[in-house]
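The file entry28.cif comes next; it holds mmCIF, N, CA and C atoms.
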```cif
data_input
loop_
_atom_site.group_PDB
_atom_site.id
_atom_site.type_symbol
_atom_site.label_atom_id
_atom_site.label_comp_id
_atom_site.auth_asym_id
_atom_site.auth_seq_id
_atom_site.Cartn_x
_atom_site.Cartn_y
_atom_site.Cartn_z
ATOM 1 N N MET A 2 0.817 -1.181 0.000
ATOM 2 C CA MET A 2 0.000 0.000 0.000
ATOM 3 C C MET A 2 0.870 1.256 0.000
ATOM 4 N N LYS A 3 2.000 1.178 0.660
ATOM 5 C CA LYS A 3 2.901 2.327 0.728
ATOM 6 C C LYS A 3 3.447 2.674 -0.655
ATOM 7 N N LYS A 4 3.732 1.645 -1.474
ATOM 8 C CA LYS A 4 4.243 1.874 -2.816
ATOM 9 C C LYS A 4 3.196 2.588 -3.670
ATOM 10 N N LEU A 5 1.955 2.199 -3.521
ATOM 11 C CA LEU A 5 0.862 2.825 -4.258
ATOM 12 C C LEU A 5 0.699 4.287 -3.858
ATOM 13 N N GLU A 6 0.738 4.553 -2.566
ATOM 14 C CA GLU A 6 0.599 5.935 -2.086
ATOM 15 C C GLU A 6 1.756 6.813 -2.549
ATOM 16 N N SER A 7 2.961 6.295 -2.500
ATOM 17 C CA SER A 7 4.101 7.115 -2.917
ATOM 18 C C SER A 7 4.091 7.353 -4.424
ATOM 19 N N TYR A 8 3.673 6.349 -5.209
ATOM 20 C CA TYR A 8 3.620 6.529 -6.661
ATOM 21 C C TYR A 8 2.572 7.568 -7.034
ATOM 22 N N PHE A 9 1.373 7.448 -6.469
ATOM 23 C CA PHE A 9 0.318 8.404 -6.783
ATOM 24 C C PHE A 9 0.642 9.793 -6.236
ATOM 25 N N GLY A 10 1.396 9.860 -5.163
ATOM 26 C CA GLY A 10 1.812 11.152 -4.631
ATOM 27 C C GLY A 10 2.797 11.867 -5.542
ATOM 28 N N LYS A 11 3.660 11.105 -6.190
ATOM 29 C CA LYS A 11 4.649 11.687 -7.095
ATOM 30 C C LYS A 11 4.082 11.957 -8.491
ATOM 31 N N HIS A 12 3.078 11.200 -8.891
ATOM 32 C CA HIS A 12 2.493 11.319 -10.231
ATOM 33 C C HIS A 12 1.036 11.777 -10.110
ATOM 34 N N VAL A 13 0.878 13.033 -9.853
ATOM 35 C CA VAL A 13 -0.442 13.597 -9.557
ATOM 36 C C VAL A 13 -1.373 13.523 -10.770
ATOM 37 N N TYR A 14 -0.862 13.789 -11.960
ATOM 38 C CA TYR A 14 -1.711 13.770 -13.150
ATOM 39 C C TYR A 14 -2.175 12.350 -13.485
ATOM 40 N N PHE A 15 -1.305 11.381 -13.286
ATOM 41 C CA PHE A 15 -1.703 9.987 -13.489
ATOM 42 C C PHE A 15 -2.776 9.602 -12.483
ATOM 43 N N ASN A 16 -2.622 10.025 -11.249
ATOM 44 C CA ASN A 16 -3.598 9.782 -10.199
ATOM 45 C C ASN A 16 -4.953 10.368 -10.598
ATOM 46 N N SER A 17 -4.951 11.582 -11.079
ATOM 47 C CA SER A 17 -6.185 12.242 -11.493
ATOM 48 C C SER A 17 -6.840 11.506 -12.652
ATOM 49 N N ALA A 18 -6.052 11.115 -13.633
ATOM 50 C CA ALA A 18 -6.593 10.425 -14.801
ATOM 51 C C ALA A 18 -7.232 9.091 -14.417
ATOM 52 N N VAL A 19 -6.581 8.349 -13.546
ATOM 53 C CA VAL A 19 -7.120 7.055 -13.119
ATOM 54 C C VAL A 19 -8.442 7.246 -12.392
ATOM 55 N N HIS A 20 -8.512 8.222 -11.530
ATOM 56 C CA HIS A 20 -9.746 8.426 -10.770
ATOM 57 C C HIS A 20 -10.865 9.017 -11.631
ATOM 58 N N VAL A 21 -10.522 9.787 -12.637
ATOM 59 C CA VAL A 21 -11.541 10.269 -13.578
ATOM 60 C C VAL A 21 -12.105 9.095 -14.372
ATOM 61 N N LEU A 22 -11.241 8.179 -14.821
ATOM 62 C CA LEU A 22 -11.715 6.996 -15.543
ATOM 63 C C LEU A 22 -12.665 6.163 -14.693
ATOM 64 N N VAL A 23 -12.308 5.943 -13.444
ATOM 65 C CA VAL A 23 -13.170 5.167 -12.551
ATOM 66 C C VAL A 23 -14.499 5.892 -12.337
ATOM 67 N N GLY A 24 -14.456 7.190 -12.136
ATOM 68 C CA GLY A 24 -15.681 7.953 -11.940
ATOM 69 C C GLY A 24 -16.580 7.929 -13.159
ATOM 70 N N MET A 25 -15.988 8.043 -14.348
ATOM 71 C CA MET A 25 -16.782 7.976 -15.568
ATOM 72 C C MET A 25 -17.388 6.590 -15.743
ATOM 73 N N GLY A 26 -16.619 5.557 -15.421
ATOM 74 C CA GLY A 26 -17.137 4.192 -15.527
ATOM 75 C C GLY A 26 -18.306 3.957 -14.591
ATOM 76 N N ILE A 27 -18.188 4.413 -13.359
ATOM 77 C CA ILE A 27 -19.281 4.260 -12.391
ATOM 78 C C ILE A 27 -20.493 5.065 -12.843
ATOM 79 N N GLY A 28 -20.263 6.273 -13.324
ATOM 80 C CA GLY A 28 -21.364 7.098 -13.805
ATOM 81 C C GLY A 28 -22.101 6.463 -14.969
ATOM 82 N N MET A 29 -21.358 5.868 -15.883
ATOM 83 C CA MET A 29 -22.000 5.210 -17.022
ATOM 84 C C MET A 29 -22.777 3.977 -16.591
ATOM 85 N N LEU A 30 -22.244 3.246 -15.634
ATOM 86 C CA LEU A 30 -22.973 2.067 -15.155
ATOM 87 C C LEU A 30 -24.242 2.462 -14.407
ATOM 88 N N LEU A 31 -24.222 3.583 -13.726
ATOM 89 C CA LEU A 31 -25.424 4.042 -13.016
ATOM 90 C C LEU A 31 -26.503 4.533 -13.968
ATOM 91 N N THR A 32 -26.089 5.052 -15.131
ATOM 92 C CA THR A 32 -27.072 5.550 -16.093
ATOM 93 C C THR A 32 -27.441 4.500 -17.136
ATOM 94 N N TYR A 33 -27.027 3.264 -16.947
ATOM 95 C CA TYR A 33 -27.314 2.187 -17.895
ATOM 96 C C TYR A 33 -28.790 2.076 -18.253
ATOM 97 N N PRO A 34 -29.711 2.112 -17.290
ATOM 98 C CA PRO A 34 -31.131 1.968 -17.673
ATOM 99 C C PRO A 34 -31.627 3.086 -18.589
ATOM 100 N N VAL A 35 -30.983 4.228 -18.558
ATOM 101 C CA VAL A 35 -31.423 5.361 -19.373
ATOM 102 C C VAL A 35 -30.909 5.243 -20.809
ATOM 103 N N PHE A 36 -29.659 4.825 -20.988
ATOM 104 C CA PHE A 36 -29.028 4.882 -22.304
ATOM 105 C C PHE A 36 -28.857 3.539 -23.005
ATOM 106 N N GLY A 37 -28.894 2.417 -22.324
ATOM 107 C CA GLY A 37 -28.823 1.130 -22.992
ATOM 108 C C GLY A 37 -27.472 0.443 -22.943
ATOM 109 N N ALA A 38 -27.297 -0.536 -23.824
ATOM 110 C CA ALA A 38 -26.173 -1.474 -23.766
ATOM 111 C C ALA A 38 -24.818 -0.842 -24.042
ATOM 112 N N HIS A 39 -24.736 0.132 -24.924
ATOM 113 C CA HIS A 39 -23.428 0.715 -25.221
ATOM 114 C C HIS A 39 -22.834 1.391 -23.997
ATOM 115 N N THR A 40 -23.667 1.970 -23.172
ATOM 116 C CA THR A 40 -23.188 2.587 -21.945
ATOM 117 C C THR A 40 -22.613 1.538 -21.011
ATOM 118 N N MET A 41 -23.218 0.368 -20.996
ATOM 119 C CA MET A 41 -22.722 -0.727 -20.155
ATOM 120 C C MET A 41 -21.325 -1.151 -20.605
ATOM 121 N N ARG A 42 -21.133 -1.276 -21.898
ATOM 122 C CA ARG A 42 -19.817 -1.679 -22.425
ATOM 123 C C ARG A 42 -18.749 -0.631 -22.104
ATOM 124 N N TRP A 43 -19.066 0.646 -22.328
ATOM 125 C CA TRP A 43 -18.107 1.703 -22.052
ATOM 126 C C TRP A 43 -17.833 1.820 -20.560
ATOM 127 N N GLY A 44 -18.859 1.654 -19.745
ATOM 128 C CA GLY A 44 -18.684 1.731 -18.298
ATOM 129 C C GLY A 44 -17.748 0.655 -17.777
ATOM 130 N N ILE A 45 -17.949 -0.569 -18.261
ATOM 131 C CA ILE A 45 -17.081 -1.682 -17.839
ATOM 132 C C ILE A 45 -15.659 -1.469 -18.351
ATOM 133 N N ALA A 46 -15.524 -0.976 -19.581
ATOM 134 C CA ALA A 46 -14.186 -0.720 -20.138
ATOM 135 C C ALA A 46 -13.454 0.351 -19.340
ATOM 136 N N LEU A 47 -14.147 1.420 -18.977
ATOM 137 C CA LEU A 47 -13.504 2.484 -18.206
ATOM 138 C C LEU A 47 -13.155 2.035 -16.794
ATOM 139 N N LEU A 48 -14.022 1.231 -16.193
ATOM 140 C CA LEU A 48 -13.685 0.688 -14.873
ATOM 141 C C LEU A 48 -12.478 -0.237 -14.943
ATOM 142 N N ALA A 49 -12.399 -1.040 -16.000
ATOM 143 C CA ALA A 49 -11.247 -1.933 -16.172
ATOM 144 C C ALA A 49 -9.959 -1.121 -16.332
ATOM 145 N N LEU A 50 -10.014 -0.039 -17.111
ATOM 146 C CA LEU A 50 -8.838 0.816 -17.250
ATOM 147 C C LEU A 50 -8.448 1.458 -15.924
ATOM 148 N N GLY A 51 -9.441 1.848 -15.143
ATOM 149 C CA GLY A 51 -9.161 2.422 -13.829
ATOM 150 C C GLY A 51 -8.512 1.427 -12.886
ATOM 151 N N ILE A 52 -8.993 0.200 -12.912
ATOM 152 C CA ILE A 52 -8.413 -0.848 -12.066
ATOM 153 C C ILE A 52 -6.992 -1.158 -12.513
ATOM 154 N N LEU A 53 -6.776 -1.227 -13.827
ATOM 155 C CA LEU A 53 -5.412 -1.447 -14.326
ATOM 156 C C LEU A 53 -4.497 -0.279 -13.962
ATOM 157 N N GLY A 54 -5.046 0.920 -13.965
ATOM 158 C CA GLY A 54 -4.265 2.087 -13.565
ATOM 159 C C GLY A 54 -3.869 2.039 -12.099
ATOM 160 N N HIS A 55 -4.743 1.484 -11.270
ATOM 161 C CA HIS A 55 -4.406 1.331 -9.854
ATOM 162 C C HIS A 55 -3.387 0.205 -9.644
ATOM 163 N N ALA A 56 -3.383 -0.790 -10.506
ATOM 164 C CA ALA A 56 -2.449 -1.905 -10.390
ATOM 165 C C ALA A 56 -1.079 -1.569 -10.977
ATOM 166 N N TYR A 57 -1.022 -0.600 -11.862
ATOM 167 C CA TYR A 57 0.223 -0.242 -12.556
ATOM 168 C C TYR A 57 1.397 0.044 -11.629
ATOM 169 N N PRO A 58 1.227 0.820 -10.549
ATOM 170 C CA PRO A 58 2.384 1.111 -9.690
ATOM 171 C C PRO A 58 3.013 -0.135 -9.051
ATOM 172 N N TYR A 59 2.268 -1.208 -8.900
ATOM 173 C CA TYR A 59 2.839 -2.410 -8.321
ATOM 174 C C TYR A 59 3.811 -3.103 -9.278
ATOM 175 N N PHE A 60 3.639 -2.860 -10.585
ATOM 176 C CA PHE A 60 4.467 -3.537 -11.566
ATOM 177 C C PHE A 60 5.590 -2.679 -12.125
ATOM 178 N N VAL A 61 5.633 -1.403 -11.737
ATOM 179 C CA VAL A 61 6.679 -0.499 -12.208
ATOM 180 C C VAL A 61 7.910 -0.673 -11.334
ATOM 181 N N LYS A 62 9.047 -0.809 -12.000
ATOM 182 C CA LYS A 62 10.298 -0.898 -11.250
ATOM 183 C C LYS A 62 10.878 0.487 -11.088
ATOM 184 N N LYS A 63 11.511 0.722 -9.961
ATOM 185 C CA LYS A 63 12.113 2.038 -9.695
ATOM 186 C C LYS A 63 13.439 2.159 -10.374
#
```
Give the structure from this file in structure tokens form.
Amino acid sequence: MKKLESYFGKHVYFNSAVHVLVGMGIGMLLTYPVFGAHTMRWGIALLALGILGHAYPYFVKK
């Protein structure tokens, strides 16, 4: 957890981008009943990118 905190602390723009992706994914999944199946696909894709963005610091070597 410390590695994740230090990486996101040093890379503020990457941190922002990852959290925007997750927020957009959650927002699209919440509006699924209004817009239909394409929103579901985009929501899941954006959430997957957000999760991969959170996992990225664990695989980066210093």
* Resolved residues for the PyMOL selection byres (((chain A and resi 36-53 and name CA) around 12) and name CA) as a PyMOL selection string -> chain A and resi 15-35+54-60
Take the selection from the previous step and output its residues with N, CA and C atoms, as an mmCIF file, in the coordinates of the input.
```cif
data_model
loop_
_atom_site.group_PDB
_atom_site.id
_atom_site.type_symbol
_atom_site.label_atom_id
_atom_site.label_comp_id
_atom_site.auth_asym_id
_atom_site.auth_seq_id
_atom_site.Cartn_x
_atom_site.Cartn_y
_atom_site.Cartn_z
ATOM 1 N N PHE A 15 -1.305 11.381 -13.286
ATOM 2 C CA PHE A 15 -1.703 9.987 -13.489
ATOM 3 C C PHE A 15 -2.776 9.602 -12.483
ATOM 4 N N ASN A 16 -2.622 10.025 -11.249
ATOM 5 C CA ASN A 16 -3.598 9.782 -10.199
ATOM 6 C C ASN A 16 -4.953 10.368 -10.598
ATOM 7 N N SER A 17 -4.951 11.582 -11.079
ATOM 8 C CA SER A 17 -6.185 12.242 -11.493
ATOM 9 C C SER A 17 -6.840 11.506 -12.652
ATOM 10 N N ALA A 18 -6.052 11.115 -13.633
ATOM 11 C CA ALA A 18 -6.593 10.425 -14.801
ATOM 12 C C ALA A 18 -7.232 9.091 -14.417
ATOM 13 N N VAL A 19 -6.581 8.349 -13.546
ATOM 14 C CA VAL A 19 -7.120 7.055 -13.119
ATOM 15 C C VAL A 19 -8.442 7.246 -12.392
ATOM 16 N N HIS A 20 -8.512 8.222 -11.530
ATOM 17 C CA HIS A 20 -9.746 8.426 -10.770
ATOM 18 C C HIS A 20 -10.865 9.017 -11.631
ATOM 19 N N VAL A 21 -10.522 9.787 -12.637
ATOM 20 C CA VAL A 21 -11.541 10.269 -13.578
ATOM 21 C C VAL A 21 -12.105 9.095 -14.372
ATOM 22 N N LEU A 22 -11.241 8.179 -14.821
ATOM 23 C CA LEU A 22 -11.715 6.996 -15.543
ATOM 24 C C LEU A 22 -12.665 6.163 -14.693
ATOM 25 N N VAL A 23 -12.308 5.943 -13.444
ATOM 26 C CA VAL A 23 -13.170 5.167 -12.551
ATOM 27 C C VAL A 23 -14.499 5.892 -12.337
ATOM 28 N N GLY A 24 -14.456 7.190 -12.136
ATOM 29 C CA GLY A 24 -15.681 7.953 -11.940
ATOM 30 C C GLY A 24 -16.580 7.929 -13.159
ATOM 31 N N MET A 25 -15.988 8.043 -14.348
ATOM 32 C CA MET A 25 -16.782 7.976 -15.568
ATOM 33 C C MET A 25 -17.388 6.590 -15.743
ATOM 34 N N GLY A 26 -16.619 5.557 -15.421
ATOM 35 C CA GLY A 26 -17.137 4.192 -15.527
ATOM 36 C C GLY A 26 -18.306 3.957 -14.591
ATOM 37 N N ILE A 27 -18.188 4.413 -13.359
ATOM 38 C CA ILE A 27 -19.281 4.260 -12.391
ATOM 39 C C ILE A 27 -20.493 5.065 -12.843
ATOM 40 N N GLY A 28 -20.263 6.273 -13.324
ATOM 41 C CA GLY A 28 -21.364 7.098 -13.805
ATOM 42 C C GLY A 28 -22.101 6.463 -14.969
ATOM 43 N N MET A 29 -21.358 5.868 -15.883
ATOM 44 C CA MET A 29 -22.000 5.210 -17.022
ATOM 45 C C MET A 29 -22.777 3.977 -16.591
ATOM 46 N N LEU A 30 -22.244 3.246 -15.634
ATOM 47 C CA LEU A 30 -22.973 2.067 -15.155
ATOM 48 C C LEU A 30 -24.242 2.462 -14.407
ATOM 49 N N LEU A 31 -24.222 3.583 -13.726
ATOM 50 C CA LEU A 31 -25.424 4.042 -13.016
ATOM 51 C C LEU A 31 -26.503 4.533 -13.968
ATOM 52 N N THR A 32 -26.089 5.052 -15.131
ATOM 53 C CA THR A 32 -27.072 5.550 -16.093
ATOM 54 C C THR A 32 -27.441 4.500 -17.136
ATOM 55 N N TYR A 33 -27.027 3.264 -16.947
ATOM 56 C CA TYR A 33 -27.314 2.187 -17.895
ATOM 57 C C TYR A 33 -28.790 2.076 -18.253
ATOM 58 N N PRO A 34 -29.711 2.112 -17.290
ATOM 59 C CA PRO A 34 -31.131 1.968 -17.673
ATOM 60 C C PRO A 34 -31.627 3.086 -18.589
ATOM 61 N N VAL A 35 -30.983 4.228 -18.558
ATOM 62 C CA VAL A 35 -31.423 5.361 -19.373
ATOM 63 C C VAL A 35 -30.909 5.243 -20.809
ATOM 64 N N GLY A 54 -5.046 0.920 -13.965
ATOM 65 C CA GLY A 54 -4.265 2.087 -13.565
ATOM 66 C C GLY A 54 -3.869 2.039 -12.099
ATOM 67 N N HIS A 55 -4.743 1.484 -11.270
ATOM 68 C CA HIS A 55 -4.406 1.331 -9.854
ATOM 69 C C HIS A 55 -3.387 0.205 -9.644
ATOM 70 N N ALA A 56 -3.383 -0.790 -10.506
ATOM 71 C CA ALA A 56 -2.449 -1.905 -10.390
ATOM 72 C C ALA A 56 -1.079 -1.569 -10.977
ATOM 73 N N TYR A 57 -1.022 -0.600 -11.862
ATOM 74 C CA TYR A 57 0.223 -0.242 -12.556
ATOM 75 C C TYR A 57 1.397 0.044 -11.629
ATOM 76 N N PRO A 58 1.227 0.820 -10.549
ATOM 77 C CA PRO A 58 2.384 1.111 -9.690
ATOM 78 C C PRO A 58 3.013 -0.135 -9.051
ATOM 79 N N TYR A 59 2.268 -1.208 -8.900
ATOM 80 C CA TYR A 59 2.839 -2.410 -8.321
ATOM 81 C C TYR A 59 3.811 -3.103 -9.278
ATOM 82 N N PHE A 60 3.639 -2.860 -10.585
ATOM 83 C CA PHE A 60 4.467 -3.537 -11.566
ATOM 84 C C PHE A 60 5.590 -2.679 -12.125
#
```
* Provide the atom N of Lys3 (chain A) to CA of Val61 (chain A) distance in Å, to one decimal place. =>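 Between atom N of Lys3 (chain A) and CA of Val61 (chain A) the gap works out to 13.8 Å.
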Output, as lines of an AutoDock Vina configuration file, the centre and edge lengths in Å (one decimal) of the axis-aligned box that contains all listed atoms of region 13-29 of chain A with 4 Å of margin on each side.
```
center_x = -10.9
center_y = 8.9
center_z = -13.3
size_x = 31.7
size_y = 17.8
size_z = 15.5
```
